[in-house]
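K.L.:
Before anything else, here's the structure in question.
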Amino acid sequence: MQESAIRVISLQSSLRDRTELVLAISDGRPPNANRQPLLDGYFAQSTVGTAVQYLVLTDPNCVLPDFSCVPWDDAILITPQNSVQTYWDEAASTKHGRSSGNIKYLFCAEDYVHYRQPSTVKRFVVASLSFDDTDRLLTQLTVSLLMKAMVTKNIYTCAGVANGSRGTIAGIMLDEKEPWFQATTSQVRISLTFPPVVSVMPDIQRLSRGLVTMFPDQGSFTIRTSTCAKVQWHQFTLTPTYAFTNFKSQGQAIERVMVDLGKTSSFALDPFHAYVSLSRSRGRETIRIIRDSDHKLLTHHPSEDLQKEVV
């Protein structure tokens, strides 16, 4: 690796700086290849074991994969920060659309109050709600053919399609009431008036044999204006799946992963975070660590109580 690429992101740097390395990798280019170094100062050798240290991209001895080619172009990020996950998903989705040439379809959630369209005041209240307040259904969702996606609720458990199931968007059938349009090469994203029907090919074929057809799910929540009103909310229980938080990654088996164990400004990581993140893939050949981390994350047992019990 060239010396100019052996730079690290400061623990005191802004979120935008800290995610630059993440976005660079997602875009298939080496860190800092097309911009000035984020910081002055070179990477200092950590006391972490050599075997793990060689997996850190900023280490001069790390074998840097080619993130623009198979198999590392599909590597999934595991990060402790929700905001970094959002940045990565957006960048990876944009990269997918640019490389595949497939149109991105945007559709917003449908909301009703007593089976009618809500008033402007009620729409304003709904728009101000958080993701958790809307029964964990997205306000808007963008999908395209062959995009990687994950189910966020238990929908077809008998077919093995439940919360955390991953797959690929294999088909998008527009509503017959959708206004006709002619796709052109200049159209990158099209906003839909009505939610489509989406077909997903699961990554793991358990009980399902082939495509799984998905329709918008229904959630409900209560808002308060002059009076209380129950809102019926219709949206797909899907989300892009190019990144996970380490909490959400539990139980996932991922072919190749990029792991971020760096210090955050809002909370401290513990050895359990490191254990979950680094155990999602098969071994050193399929794991890379984005930046150096506190060596205690790897030298301390994830659970002191369990360690005492084993001993």
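Each chain in the structure tokens gets a letter, A, B and so on, in the order shown; residues start at 1 in every chain, and ligands are counted from 1 in the order they appear.
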Write out as a compact mmCIF listing (two decimals) with N, CA and C atoms, in the first residue's frame each polymer residue whose atoms come within 6 Å of stretch 290-299 of chain A, counting only C-alpha atoms; drop sequence neighbours fewer than 2 positions from it.
P.N.:
# COMPACT_ATOMS: atom_id res chain seq x y z
N VAL A 48 -2.40 -4.68 19.20
CA VAL A 48 -3.25 -5.82 18.89
C VAL A 48 -2.42 -6.88 18.20
N VAL A 56 -6.38 -4.71 9.29
CA VAL A 56 -6.75 -3.28 9.33
C VAL A 56 -6.26 -2.61 8.05
N LEU A 57 -7.17 -1.98 7.32
CA LEU A 57 -6.83 -1.40 6.02
C LEU A 57 -5.73 -0.35 6.10
N VAL A 259 -15.48 -4.30 8.68
CA VAL A 259 -15.84 -4.08 10.07
C VAL A 259 -15.26 -2.76 10.55
N ASP A 260 -16.11 -1.96 11.18
CA ASP A 260 -15.67 -0.71 11.80
C ASP A 260 -15.75 -0.88 13.31
N LEU A 261 -14.58 -0.89 13.96
CA LEU A 261 -14.52 -1.00 15.42
C LEU A 261 -13.95 0.26 16.06
N GLY A 262 -13.87 1.33 15.28
CA GLY A 262 -13.31 2.58 15.80
C GLY A 262 -14.19 3.22 16.86
N ASP A 270 -17.62 -2.35 23.40
CA ASP A 270 -17.09 -3.34 24.33
C ASP A 270 -16.69 -4.59 23.55
N PRO A 271 -16.02 -5.54 24.20
CA PRO A 271 -15.57 -6.74 23.48
C PRO A 271 -16.69 -7.53 22.81
K.L.:
Give me the residues near A:Val121 as a list in words, where near means some atom within 12 Å (using only C-alpha atoms) and where sequence neighbours in that chain fewer than 2 positions away do not count.
P.N.:
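So, after excluding close chain neighbours, the residues are Gln117, Pro118, Ser119, Arg123, Phe124, Val125, Val126, Ala127, Ser128, Ile223, Arg224, Thr225, Ser226, Thr227 and Ala229 of chain A.
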K.L.:
Can you write out the residues you just picked, keeping all heavy atoms, as an mmCIF file, in the first residue's frame?
P.N.:
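New file selection.cif:
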data_model
loop_
_atom_site.group_PDB
_atom_site.id
_atom_site.type_symbol
_atom_site.label_atom_id
_atom_site.label_comp_id
_atom_site.auth_asym_id
_atom_site.auth_seq_id
_atom_site.Cartn_x
_atom_site.Cartn_y
_atom_site.Cartn_z
ATOM 1 N N GLN A 117 -57.909 9.974 3.192
ATOM 2 C CA GLN A 117 -56.638 10.667 3.197
ATOM 3 C C GLN A 117 -56.615 11.666 4.363
ATOM 4 O O GLN A 117 -57.595 12.385 4.583
ATOM 5 C CB GLN A 117 -56.432 11.423 1.873
ATOM 6 C CG GLN A 117 -56.304 10.526 0.655
ATOM 7 C CD GLN A 117 -54.998 9.759 0.657
ATOM 8 O OE1 GLN A 117 -54.017 10.179 1.264
ATOM 9 N NE2 GLN A 117 -54.985 8.617 -0.031
ATOM 10 N N PRO A 118 -55.526 11.706 5.130
ATOM 11 C CA PRO A 118 -55.478 12.625 6.274
ATOM 12 C C PRO A 118 -55.402 14.079 5.839
ATOM 13 O O PRO A 118 -54.976 14.387 4.718
ATOM 14 C CB PRO A 118 -54.199 12.197 7.016
ATOM 15 C CG PRO A 118 -53.358 11.559 5.971
ATOM 16 C CD PRO A 118 -54.306 10.907 5.005
ATOM 17 N N SER A 119 -55.800 14.958 6.720
ATOM 18 C CA SER A 119 -55.737 16.394 6.438
ATOM 19 C C SER A 119 -54.292 16.866 6.417
ATOM 20 O O SER A 119 -53.367 16.140 6.804
ATOM 21 C CB SER A 119 -56.518 17.170 7.502
ATOM 22 O OG SER A 119 -55.895 17.009 8.774
ATOM 23 N N ARG A 123 -51.051 15.233 8.248
ATOM 24 C CA ARG A 123 -49.870 14.840 7.472
ATOM 25 C C ARG A 123 -48.602 15.458 8.055
ATOM 26 O O ARG A 123 -47.538 14.820 8.093
ATOM 27 C CB ARG A 123 -50.023 15.278 6.015
ATOM 28 C CG ARG A 123 -51.000 14.436 5.213
ATOM 29 C CD ARG A 123 -51.073 14.929 3.773
ATOM 30 N NE ARG A 123 -51.980 14.120 2.985
ATOM 31 C CZ ARG A 123 -51.635 12.994 2.365
ATOM 32 N NH1 ARG A 123 -50.396 12.552 2.459
ATOM 33 N NH2 ARG A 123 -52.523 12.330 1.656
ATOM 34 N N PHE A 124 -48.712 16.701 8.499
ATOM 35 C CA PHE A 124 -47.557 17.370 9.096
ATOM 36 C C PHE A 124 -47.125 16.660 10.375
ATOM 37 O O PHE A 124 -45.929 16.465 10.624
ATOM 38 C CB PHE A 124 -47.898 18.832 9.389
ATOM 39 C CG PHE A 124 -46.776 19.597 10.034
ATOM 40 C CD1 PHE A 124 -45.730 20.100 9.278
ATOM 41 C CD2 PHE A 124 -46.754 19.798 11.411
ATOM 42 C CE1 PHE A 124 -44.689 20.799 9.868
ATOM 43 C CE2 PHE A 124 -45.719 20.491 12.018
ATOM 44 C CZ PHE A 124 -44.685 20.989 11.239
ATOM 45 N N VAL A 125 -48.088 16.230 11.179
ATOM 46 C CA VAL A 125 -47.771 15.514 12.420
ATOM 47 C C VAL A 125 -47.115 14.178 12.102
ATOM 48 O O VAL A 125 -46.113 13.799 12.717
ATOM 49 C CB VAL A 125 -49.043 15.313 13.265
ATOM 50 C CG1 VAL A 125 -48.737 14.435 14.475
ATOM 51 C CG2 VAL A 125 -49.604 16.650 13.709
ATOM 52 N N VAL A 126 -47.661 13.462 11.123
ATOM 53 C CA VAL A 126 -47.092 12.166 10.743
ATOM 54 C C VAL A 126 -45.670 12.338 10.233
ATOM 55 O O VAL A 126 -44.772 11.543 10.550
ATOM 56 C CB VAL A 126 -47.973 11.490 9.673
ATOM 57 C CG1 VAL A 126 -47.273 10.254 9.114
ATOM 58 C CG2 VAL A 126 -49.320 11.102 10.267
ATOM 59 N N ALA A 127 -45.428 13.391 9.434
ATOM 60 C CA ALA A 127 -44.096 13.617 8.864
ATOM 61 C C ALA A 127 -43.053 13.897 9.931
ATOM 62 O O ALA A 127 -41.851 13.680 9.719
ATOM 63 C CB ALA A 127 -44.147 14.775 7.870
ATOM 64 N N SER A 128 -43.486 14.371 11.090
ATOM 65 C CA SER A 128 -42.539 14.704 12.164
ATOM 66 C C SER A 128 -42.210 13.514 13.057
ATOM 67 O O SER A 128 -41.357 13.613 13.937
ATOM 68 C CB SER A 128 -43.105 15.840 13.029
ATOM 69 O OG SER A 128 -44.288 15.424 13.706
ATOM 70 N N ILE A 223 -51.851 9.478 16.513
ATOM 71 C CA ILE A 223 -51.319 10.833 16.548
ATOM 72 C C ILE A 223 -52.304 11.723 17.290
ATOM 73 O O ILE A 223 -53.484 11.400 17.428
ATOM 74 C CB ILE A 223 -51.068 11.394 15.126
ATOM 75 C CG1 ILE A 223 -52.371 11.429 14.324
ATOM 76 C CG2 ILE A 223 -50.014 10.576 14.406
ATOM 77 C CD1 ILE A 223 -52.236 12.118 12.974
ATOM 78 N N ARG A 224 -51.819 12.857 17.758
ATOM 79 C CA ARG A 224 -52.674 13.786 18.490
ATOM 80 C C ARG A 224 -52.589 15.169 17.840
ATOM 81 O O ARG A 224 -51.504 15.732 17.705
ATOM 82 C CB ARG A 224 -52.248 13.874 19.952
ATOM 83 C CG ARG A 224 -53.094 14.850 20.783
ATOM 84 C CD ARG A 224 -52.608 14.897 22.219
ATOM 85 N NE ARG A 224 -52.823 13.628 22.899
ATOM 86 C CZ ARG A 224 -53.976 13.302 23.480
ATOM 87 N NH1 ARG A 224 -55.007 14.147 23.450
ATOM 88 N NH2 ARG A 224 -54.087 12.140 24.095
ATOM 89 N N THR A 225 -53.725 15.681 17.431
ATOM 90 C CA THR A 225 -53.842 17.067 16.964
ATOM 91 C C THR A 225 -54.825 17.743 17.914
ATOM 92 O O THR A 225 -54.532 17.891 19.082
ATOM 93 C CB THR A 225 -54.324 17.110 15.502
ATOM 94 O OG1 THR A 225 -55.508 16.297 15.364
ATOM 95 C CG2 THR A 225 -53.263 16.541 14.570
ATOM 96 N N SER A 226 -55.967 18.136 17.404
ATOM 97 C CA SER A 226 -57.002 18.619 18.323
ATOM 98 C C SER A 226 -57.662 17.445 19.035
ATOM 99 O O SER A 226 -58.163 17.569 20.152
ATOM 100 C CB SER A 226 -58.045 19.430 17.556
ATOM 101 O OG SER A 226 -58.606 18.640 16.500
ATOM 102 N N THR A 227 -57.653 16.298 18.354
ATOM 103 C CA THR A 227 -58.143 15.057 18.942
ATOM 104 C C THR A 227 -57.165 13.938 18.578
ATOM 105 O O THR A 227 -56.260 14.128 17.765
ATOM 106 C CB THR A 227 -59.546 14.698 18.401
ATOM 107 O OG1 THR A 227 -59.472 14.577 16.972
ATOM 108 C CG2 THR A 227 -60.572 15.760 18.784
ATOM 109 N N ALA A 229 -56.148 10.516 16.716
ATOM 110 C CA ALA A 229 -56.541 9.860 15.473
ATOM 111 C C ALA A 229 -55.635 8.666 15.236
ATOM 112 O O ALA A 229 -54.419 8.750 15.441
ATOM 113 C CB ALA A 229 -56.476 10.833 14.302
#
K.L.:
Show me, as a PyMOL selection string, the residues that have an atom within 12 Å of A:Tyr105 when counting only C-alpha atoms, minus same-chain residues fewer than 3 positions from it.
P.N.:
chain A and resi 93+97+102+108+140-145+147+169+171-174+183+187-198
K.L.:
May I ask which of the residues A:Ser303, A:Ser277, A:Thr152, A:Thr213 is the closest one to A:Ile78, counting only C-alpha atoms?
P.N.:
A:Ser277
K.L.:
As a ChimeraX atom specification, please: all residues of stretch 52-169 of chain A that backbone DSSP puts in helix (DSSP H, G or I).
P.N.:
/A:52-53,72-74,82-100,120-127,132-134,157-159
K.L.:
Please compute the atom CA of A:Asp305-atom CA of A:Arg282 distance, one decimal, in Å.
P.N.:
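For atom CA of A:Asp305 relative to atom CA of A:Arg282, the distance reads 26.4 Å.
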K.L.:
Pick the closest to A:Ile155 from A:Gln218, A:Thr245, A:Thr94, A:Ser266: which is it, counting only C-alpha atoms?
P.N.:
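The answer is A:Gln218, which sits nearest to A:Ile155.
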K.L.:
I need the residues of stretch 116-268 of chain A that end up classed as strand (DSSP E or B) by DSSP on the backbone, written out as a VMD selection string.
P.N.:
chain A and resid 116 140 to 143 148 to 151 156 161 166 to 173 189 to 191 197 to 202 212 to 214 217 to 224 228 to 235 238 to 240 243 to 245 257 to 259
K.L.:
My list of candidates is A:Val276, A:His300, A:Leu137, A:Val257. Which is closest to A:Trp72 when distances are computed with only C-alpha atoms?
P.N.:
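Residue with the minimum atom-to-atom distance to A:Trp72: A:Val257.
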K.L.:
I'd like the interatomic distance between atom CA of A:Val231 and atom CA of A:Val113, to a tenth of an Å.
P.N.:
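It comes out at 5.0 Å.
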K.L.:
Quote the spacing between atom CA of A:Met258 and atom CA of A:His301 in Å to one decimal place.
P.N.:
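Atom-to-atom, atom CA of A:Met258 to atom CA of A:His301, that is 22.0 Å.
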K.L.:
Can you pull out every residue within 12 Å of A:Thr237, counting only C-alpha atoms, but drop anything in the same chain fewer than 4 positions away, and send it as an mmCIF file with all heavy atoms, in the first residue's frame?
P.N.:
data_model
loop_
_atom_site.group_PDB
_atom_site.id
_atom_site.type_symbol
_atom_site.label_atom_id
_atom_site.label_comp_id
_atom_site.auth_asym_id
_atom_site.auth_seq_id
_atom_site.Cartn_x
_atom_site.Cartn_y
_atom_site.Cartn_z
ATOM 1 N N ALA A 109 -44.925 5.888 1.705
ATOM 2 C CA ALA A 109 -45.930 5.156 2.465
ATOM 3 C C ALA A 109 -47.302 5.782 2.256
ATOM 4 O O ALA A 109 -47.435 7.003 2.102
ATOM 5 C CB ALA A 109 -45.564 5.149 3.946
ATOM 6 N N ASP A 135 -44.459 2.603 13.605
ATOM 7 C CA ASP A 135 -44.504 1.137 13.612
ATOM 8 C C ASP A 135 -43.355 0.550 12.805
ATOM 9 O O ASP A 135 -43.488 -0.514 12.210
ATOM 10 C CB ASP A 135 -45.841 0.640 13.073
ATOM 11 C CG ASP A 135 -46.174 -0.779 13.528
ATOM 12 O OD1 ASP A 135 -45.578 -1.237 14.517
ATOM 13 O OD2 ASP A 135 -47.012 -1.424 12.882
ATOM 14 N N ARG A 136 -42.231 1.277 12.781
ATOM 15 C CA ARG A 136 -41.008 0.835 12.118
ATOM 16 C C ARG A 136 -41.215 0.530 10.629
ATOM 17 O O ARG A 136 -40.662 -0.407 10.074
ATOM 18 C CB ARG A 136 -40.403 -0.377 12.837
ATOM 19 C CG ARG A 136 -40.045 -0.107 14.279
ATOM 20 C CD ARG A 136 -39.268 -1.236 14.896
ATOM 21 N NE ARG A 136 -37.943 -1.366 14.298
ATOM 22 C CZ ARG A 136 -36.900 -0.614 14.593
ATOM 23 N NH1 ARG A 136 -37.013 0.364 15.483
ATOM 24 N NH2 ARG A 136 -35.741 -0.823 14.005
ATOM 25 N N LEU A 137 -42.028 1.357 9.986
ATOM 26 C CA LEU A 137 -42.192 1.317 8.540
ATOM 27 C C LEU A 137 -41.637 2.608 7.961
ATOM 28 O O LEU A 137 -41.898 3.694 8.483
ATOM 29 C CB LEU A 137 -43.665 1.154 8.151
ATOM 30 C CG LEU A 137 -44.314 -0.187 8.522
ATOM 31 C CD1 LEU A 137 -45.800 -0.163 8.198
ATOM 32 C CD2 LEU A 137 -43.634 -1.337 7.789
ATOM 33 N N LEU A 138 -40.877 2.502 6.888
ATOM 34 C CA LEU A 138 -40.206 3.666 6.321
ATOM 35 C C LEU A 138 -41.204 4.635 5.706
ATOM 36 O O LEU A 138 -42.246 4.243 5.172
ATOM 37 C CB LEU A 138 -39.211 3.216 5.248
ATOM 38 C CG LEU A 138 -38.025 2.370 5.721
ATOM 39 C CD1 LEU A 138 -37.244 1.861 4.522
ATOM 40 C CD2 LEU A 138 -37.122 3.178 6.641
ATOM 41 N N THR A 139 -40.852 5.929 5.781
ATOM 42 C CA THR A 139 -41.671 6.946 5.128
ATOM 43 C C THR A 139 -41.608 6.792 3.620
ATOM 44 O O THR A 139 -42.616 6.906 2.923
ATOM 45 C CB THR A 139 -41.192 8.356 5.529
ATOM 46 O OG1 THR A 139 -41.248 8.484 6.955
ATOM 47 C CG2 THR A 139 -42.062 9.425 4.893
ATOM 48 N N GLN A 140 -40.441 6.538 3.093
ATOM 49 C CA GLN A 140 -40.286 6.282 1.664
ATOM 50 C C GLN A 140 -39.199 5.240 1.453
ATOM 51 O O GLN A 140 -38.295 5.101 2.263
ATOM 52 C CB GLN A 140 -39.953 7.570 0.899
ATOM 53 C CG GLN A 140 -38.669 8.241 1.324
ATOM 54 C CD GLN A 140 -38.418 9.532 0.556
ATOM 55 O OE1 GLN A 140 -39.338 10.148 0.033
ATOM 56 N NE2 GLN A 140 -37.170 9.932 0.478
ATOM 57 N N LEU A 141 -39.315 4.510 0.368
ATOM 58 C CA LEU A 141 -38.399 3.426 0.068
ATOM 59 C C LEU A 141 -38.047 3.468 -1.411
ATOM 60 O O LEU A 141 -38.913 3.677 -2.256
ATOM 61 C CB LEU A 141 -39.045 2.076 0.406
ATOM 62 C CG LEU A 141 -38.242 0.807 0.082
ATOM 63 C CD1 LEU A 141 -36.975 0.752 0.930
ATOM 64 C CD2 LEU A 141 -39.102 -0.434 0.313
ATOM 65 N N ALA A 149 -31.659 -6.525 -0.565
ATOM 66 C CA ALA A 149 -32.616 -6.013 0.402
ATOM 67 C C ALA A 149 -32.792 -7.006 1.539
ATOM 68 O O ALA A 149 -32.419 -8.181 1.433
ATOM 69 C CB ALA A 149 -33.959 -5.738 -0.271
ATOM 70 N N MET A 150 -33.366 -6.515 2.626
ATOM 71 C CA MET A 150 -33.609 -7.351 3.798
ATOM 72 C C MET A 150 -35.013 -7.102 4.307
ATOM 73 O O MET A 150 -35.500 -5.965 4.311
ATOM 74 C CB MET A 150 -32.591 -7.047 4.903
ATOM 75 C CG MET A 150 -32.758 -7.919 6.147
ATOM 76 S SD MET A 150 -31.572 -7.512 7.447
ATOM 77 C CE MET A 150 -32.209 -5.923 7.991
ATOM 78 N N VAL A 151 -35.662 -8.157 4.749
ATOM 79 C CA VAL A 151 -36.991 -8.060 5.350
ATOM 80 C C VAL A 151 -36.840 -7.600 6.795
ATOM 81 O O VAL A 151 -35.962 -8.086 7.517
ATOM 82 C CB VAL A 151 -37.712 -9.422 5.286
ATOM 83 C CG1 VAL A 151 -39.070 -9.359 5.977
ATOM 84 C CG2 VAL A 151 -37.862 -9.868 3.839
ATOM 85 N N THR A 152 -37.686 -6.666 7.223
ATOM 86 C CA THR A 152 -37.550 -6.092 8.560
ATOM 87 C C THR A 152 -38.650 -6.543 9.521
ATOM 88 O O THR A 152 -38.687 -6.094 10.659
ATOM 89 C CB THR A 152 -37.553 -4.556 8.482
ATOM 90 O OG1 THR A 152 -38.760 -4.111 7.837
ATOM 91 C CG2 THR A 152 -36.352 -4.058 7.686
ATOM 92 N N LYS A 153 -39.557 -7.407 9.040
ATOM 93 C CA LYS A 153 -40.593 -7.942 9.914
ATOM 94 C C LYS A 153 -40.855 -9.392 9.545
ATOM 95 O O LYS A 153 -40.535 -9.839 8.446
ATOM 96 C CB LYS A 153 -41.907 -7.144 9.783
ATOM 97 C CG LYS A 153 -41.919 -5.825 10.539
ATOM 98 C CD LYS A 153 -43.322 -5.233 10.539
ATOM 99 C CE LYS A 153 -43.401 -3.981 11.394
ATOM 100 N NZ LYS A 153 -44.783 -3.428 11.435
ATOM 101 N N ASN A 154 -41.462 -10.120 10.472
ATOM 102 C CA ASN A 154 -41.864 -11.497 10.184
ATOM 103 C C ASN A 154 -43.101 -11.461 9.284
ATOM 104 O O ASN A 154 -44.172 -11.030 9.711
ATOM 105 C CB ASN A 154 -42.180 -12.249 11.468
ATOM 106 C CG ASN A 154 -40.972 -12.394 12.370
ATOM 107 O OD1 ASN A 154 -39.841 -12.424 11.902
ATOM 108 N ND2 ASN A 154 -41.205 -12.477 13.666
ATOM 109 N N ILE A 155 -42.936 -11.907 8.029
ATOM 110 C CA ILE A 155 -44.063 -11.850 7.105
ATOM 111 C C ILE A 155 -44.498 -13.231 6.637
ATOM 112 O O ILE A 155 -45.676 -13.555 6.649
ATOM 113 C CB ILE A 155 -43.753 -10.945 5.902
ATOM 114 C CG1 ILE A 155 -42.418 -11.340 5.248
ATOM 115 C CG2 ILE A 155 -43.712 -9.484 6.312
ATOM 116 C CD1 ILE A 155 -42.145 -10.590 3.967
ATOM 117 N N TYR A 156 -43.542 -14.068 6.202
ATOM 118 C CA TYR A 156 -43.863 -15.425 5.763
ATOM 119 C C TYR A 156 -42.962 -16.400 6.531
ATOM 120 O O TYR A 156 -42.089 -17.043 5.969
ATOM 121 C CB TYR A 156 -43.635 -15.594 4.261
ATOM 122 C CG TYR A 156 -44.400 -14.629 3.396
ATOM 123 C CD1 TYR A 156 -43.751 -13.858 2.434
ATOM 124 C CD2 TYR A 156 -45.773 -14.482 3.530
ATOM 125 C CE1 TYR A 156 -44.449 -12.963 1.637
ATOM 126 C CE2 TYR A 156 -46.479 -13.595 2.739
ATOM 127 C CZ TYR A 156 -45.814 -12.840 1.790
ATOM 128 O OH TYR A 156 -46.512 -11.955 1.012
ATOM 129 N N VAL A 161 -39.205 -16.716 5.581
ATOM 130 C CA VAL A 161 -38.971 -15.297 5.296
ATOM 131 C C VAL A 161 -39.418 -14.503 6.517
ATOM 132 O O VAL A 161 -40.608 -14.288 6.736
ATOM 133 C CB VAL A 161 -39.737 -14.831 4.038
ATOM 134 C CG1 VAL A 161 -39.434 -13.371 3.744
ATOM 135 C CG2 VAL A 161 -39.358 -15.697 2.843
ATOM 136 N N ALA A 162 -38.446 -14.077 7.312
ATOM 137 C CA ALA A 162 -38.742 -13.415 8.570
ATOM 138 C C ALA A 162 -37.813 -12.218 8.743
ATOM 139 O O ALA A 162 -36.994 -11.912 7.865
ATOM 140 C CB ALA A 162 -38.579 -14.393 9.730
ATOM 141 N N ASN A 163 -37.960 -11.546 9.853
ATOM 142 C CA ASN A 163 -37.111 -10.399 10.153
ATOM 143 C C ASN A 163 -35.641 -10.788 10.071
ATOM 144 O O ASN A 163 -35.197 -11.705 10.755
ATOM 145 C CB ASN A 163 -37.449 -9.887 11.554
ATOM 146 C CG ASN A 163 -36.679 -8.630 11.916
ATOM 147 O OD1 ASN A 163 -36.084 -7.986 11.043
ATOM 148 N ND2 ASN A 163 -36.690 -8.273 13.186
ATOM 149 N N GLY A 164 -34.881 -10.101 9.211
ATOM 150 C CA GLY A 164 -33.469 -10.402 9.030
ATOM 151 C C GLY A 164 -33.166 -11.229 7.798
ATOM 152 O O GLY A 164 -31.993 -11.408 7.444
ATOM 153 N N SER A 165 -34.213 -11.745 7.109
ATOM 154 C CA SER A 165 -33.983 -12.524 5.884
ATOM 155 C C SER A 165 -33.502 -11.600 4.771
ATOM 156 O O SER A 165 -34.057 -10.529 4.548
ATOM 157 C CB SER A 165 -35.274 -13.224 5.445
ATOM 158 O OG SER A 165 -35.723 -14.124 6.423
ATOM 159 N N ARG A 166 -32.462 -12.043 4.064
ATOM 160 C CA ARG A 166 -31.892 -11.232 2.983
ATOM 161 C C ARG A 166 -32.201 -11.850 1.629
ATOM 162 O O ARG A 166 -32.409 -13.050 1.513
ATOM 163 C CB ARG A 166 -30.378 -11.104 3.162
ATOM 164 C CG ARG A 166 -29.985 -10.275 4.377
ATOM 165 C CD ARG A 166 -28.485 -10.114 4.460
ATOM 166 N NE ARG A 166 -27.824 -11.359 4.851
ATOM 167 C CZ ARG A 166 -26.699 -11.807 4.325
ATOM 168 N NH1 ARG A 166 -26.114 -11.145 3.339
ATOM 169 N NH2 ARG A 166 -26.153 -12.930 4.761
ATOM 170 N N VAL A 198 -43.565 -6.389 -5.290
ATOM 171 C CA VAL A 198 -42.132 -6.673 -5.378
ATOM 172 C C VAL A 198 -41.891 -8.165 -5.197
ATOM 173 O O VAL A 198 -42.464 -8.792 -4.289
ATOM 174 C CB VAL A 198 -41.352 -5.874 -4.316
ATOM 175 C CG1 VAL A 198 -39.877 -6.258 -4.325
ATOM 176 C CG2 VAL A 198 -41.503 -4.376 -4.549
ATOM 177 N N VAL A 200 -38.983 -11.027 -4.454
ATOM 178 C CA VAL A 200 -37.662 -11.137 -3.843
ATOM 179 C C VAL A 200 -37.175 -12.580 -3.954
ATOM 180 O O VAL A 200 -37.929 -13.527 -3.668
ATOM 181 C CB VAL A 200 -37.698 -10.710 -2.358
ATOM 182 C CG1 VAL A 200 -36.316 -10.859 -1.723
ATOM 183 C CG2 VAL A 200 -38.189 -9.274 -2.229
ATOM 184 N N MET A 214 -44.071 -9.922 -2.412
ATOM 185 C CA MET A 214 -44.321 -9.078 -1.254
ATOM 186 C C MET A 214 -45.263 -7.941 -1.616
ATOM 187 O O MET A 214 -45.164 -7.348 -2.695
ATOM 188 C CB MET A 214 -43.003 -8.508 -0.708
ATOM 189 C CG MET A 214 -42.060 -9.551 -0.153
ATOM 190 S SD MET A 214 -40.611 -8.803 0.628
ATOM 191 C CE MET A 214 -41.393 -7.866 1.965
ATOM 192 N N PHE A 215 -46.171 -7.659 -0.689
ATOM 193 C CA PHE A 215 -47.096 -6.536 -0.810
ATOM 194 C C PHE A 215 -46.828 -5.589 0.362
ATOM 195 O O PHE A 215 -46.221 -5.979 1.364
ATOM 196 C CB PHE A 215 -48.543 -7.022 -0.783
ATOM 197 C CG PHE A 215 -48.890 -7.959 -1.898
ATOM 198 C CD1 PHE A 215 -48.705 -9.333 -1.758
ATOM 199 C CD2 PHE A 215 -49.400 -7.476 -3.090
ATOM 200 C CE1 PHE A 215 -49.022 -10.203 -2.787
ATOM 201 C CE2 PHE A 215 -49.717 -8.341 -4.126
ATOM 202 C CZ PHE A 215 -49.533 -9.701 -3.978
ATOM 203 N N PRO A 216 -47.300 -4.360 0.264
ATOM 204 C CA PRO A 216 -47.107 -3.439 1.387
ATOM 205 C C PRO A 216 -47.717 -3.991 2.673
ATOM 206 O O PRO A 216 -48.803 -4.554 2.666
ATOM 207 C CB PRO A 216 -47.827 -2.164 0.925
ATOM 208 C CG PRO A 216 -47.796 -2.235 -0.567
ATOM 209 C CD PRO A 216 -47.925 -3.696 -0.893
ATOM 210 N N ASP A 217 -46.992 -3.835 3.753
ATOM 211 C CA ASP A 217 -47.470 -4.260 5.065
ATOM 212 C C ASP A 217 -48.286 -3.125 5.676
ATOM 213 O O ASP A 217 -48.172 -1.962 5.274
ATOM 214 C CB ASP A 217 -46.292 -4.613 5.969
ATOM 215 C CG ASP A 217 -46.742 -5.296 7.243
ATOM 216 O OD1 ASP A 217 -47.734 -6.041 7.194
ATOM 217 O OD2 ASP A 217 -46.120 -5.068 8.292
ATOM 218 N N GLN A 218 -49.094 -3.456 6.648
ATOM 219 C CA GLN A 218 -49.917 -2.435 7.302
ATOM 220 C C GLN A 218 -49.520 -2.287 8.752
ATOM 221 O O GLN A 218 -49.416 -3.262 9.490
ATOM 222 C CB GLN A 218 -51.405 -2.784 7.206
ATOM 223 C CG GLN A 218 -52.311 -1.794 7.945
ATOM 224 C CD GLN A 218 -53.778 -2.104 7.763
ATOM 225 O OE1 GLN A 218 -54.276 -2.183 6.644
ATOM 226 N NE2 GLN A 218 -54.494 -2.295 8.871
ATOM 227 N N GLY A 219 -49.274 -1.045 9.163
ATOM 228 C CA GLY A 219 -49.026 -0.727 10.557
ATOM 229 C C GLY A 219 -49.997 0.341 11.006
ATOM 230 O O GLY A 219 -50.690 0.953 10.187
ATOM 231 N N TRP A 233 -51.027 2.784 8.177
ATOM 232 C CA TRP A 233 -49.802 3.097 7.437
ATOM 233 C C TRP A 233 -49.435 1.888 6.588
ATOM 234 O O TRP A 233 -49.310 0.776 7.087
ATOM 235 C CB TRP A 233 -48.704 3.402 8.451
ATOM 236 C CG TRP A 233 -47.389 3.894 7.948
ATOM 237 C CD1 TRP A 233 -46.314 3.140 7.614
ATOM 238 C CD2 TRP A 233 -46.986 5.243 7.784
ATOM 239 N NE1 TRP A 233 -45.259 3.935 7.239
ATOM 240 C CE2 TRP A 233 -45.643 5.246 7.337
ATOM 241 C CE3 TRP A 233 -47.613 6.469 7.967
ATOM 242 C CZ2 TRP A 233 -44.936 6.401 7.077
ATOM 243 C CZ3 TRP A 233 -46.905 7.620 7.716
ATOM 244 C CH2 TRP A 233 -45.584 7.585 7.275
#
K.L.:
Fewer than 2 positions away in the same chain doesn't count, so skip those; otherwise give me all residues within 9 Å of A:Arg284, counting only C-alpha atoms, as a list of chain:residue names.
P.N.:
A:Ala51, A:Val52, A:Leu55, A:Ser281, A:Arg282, A:Thr286, A:Ile287, A:Arg288
K.L.:
Residues at most 9 Å from A:Gln232, counting only C-alpha atoms, excluding those fewer than 6 positions away in the same chain, as a PyMOL selection string?
P.N.:
chain A and resi 110-115+218-222
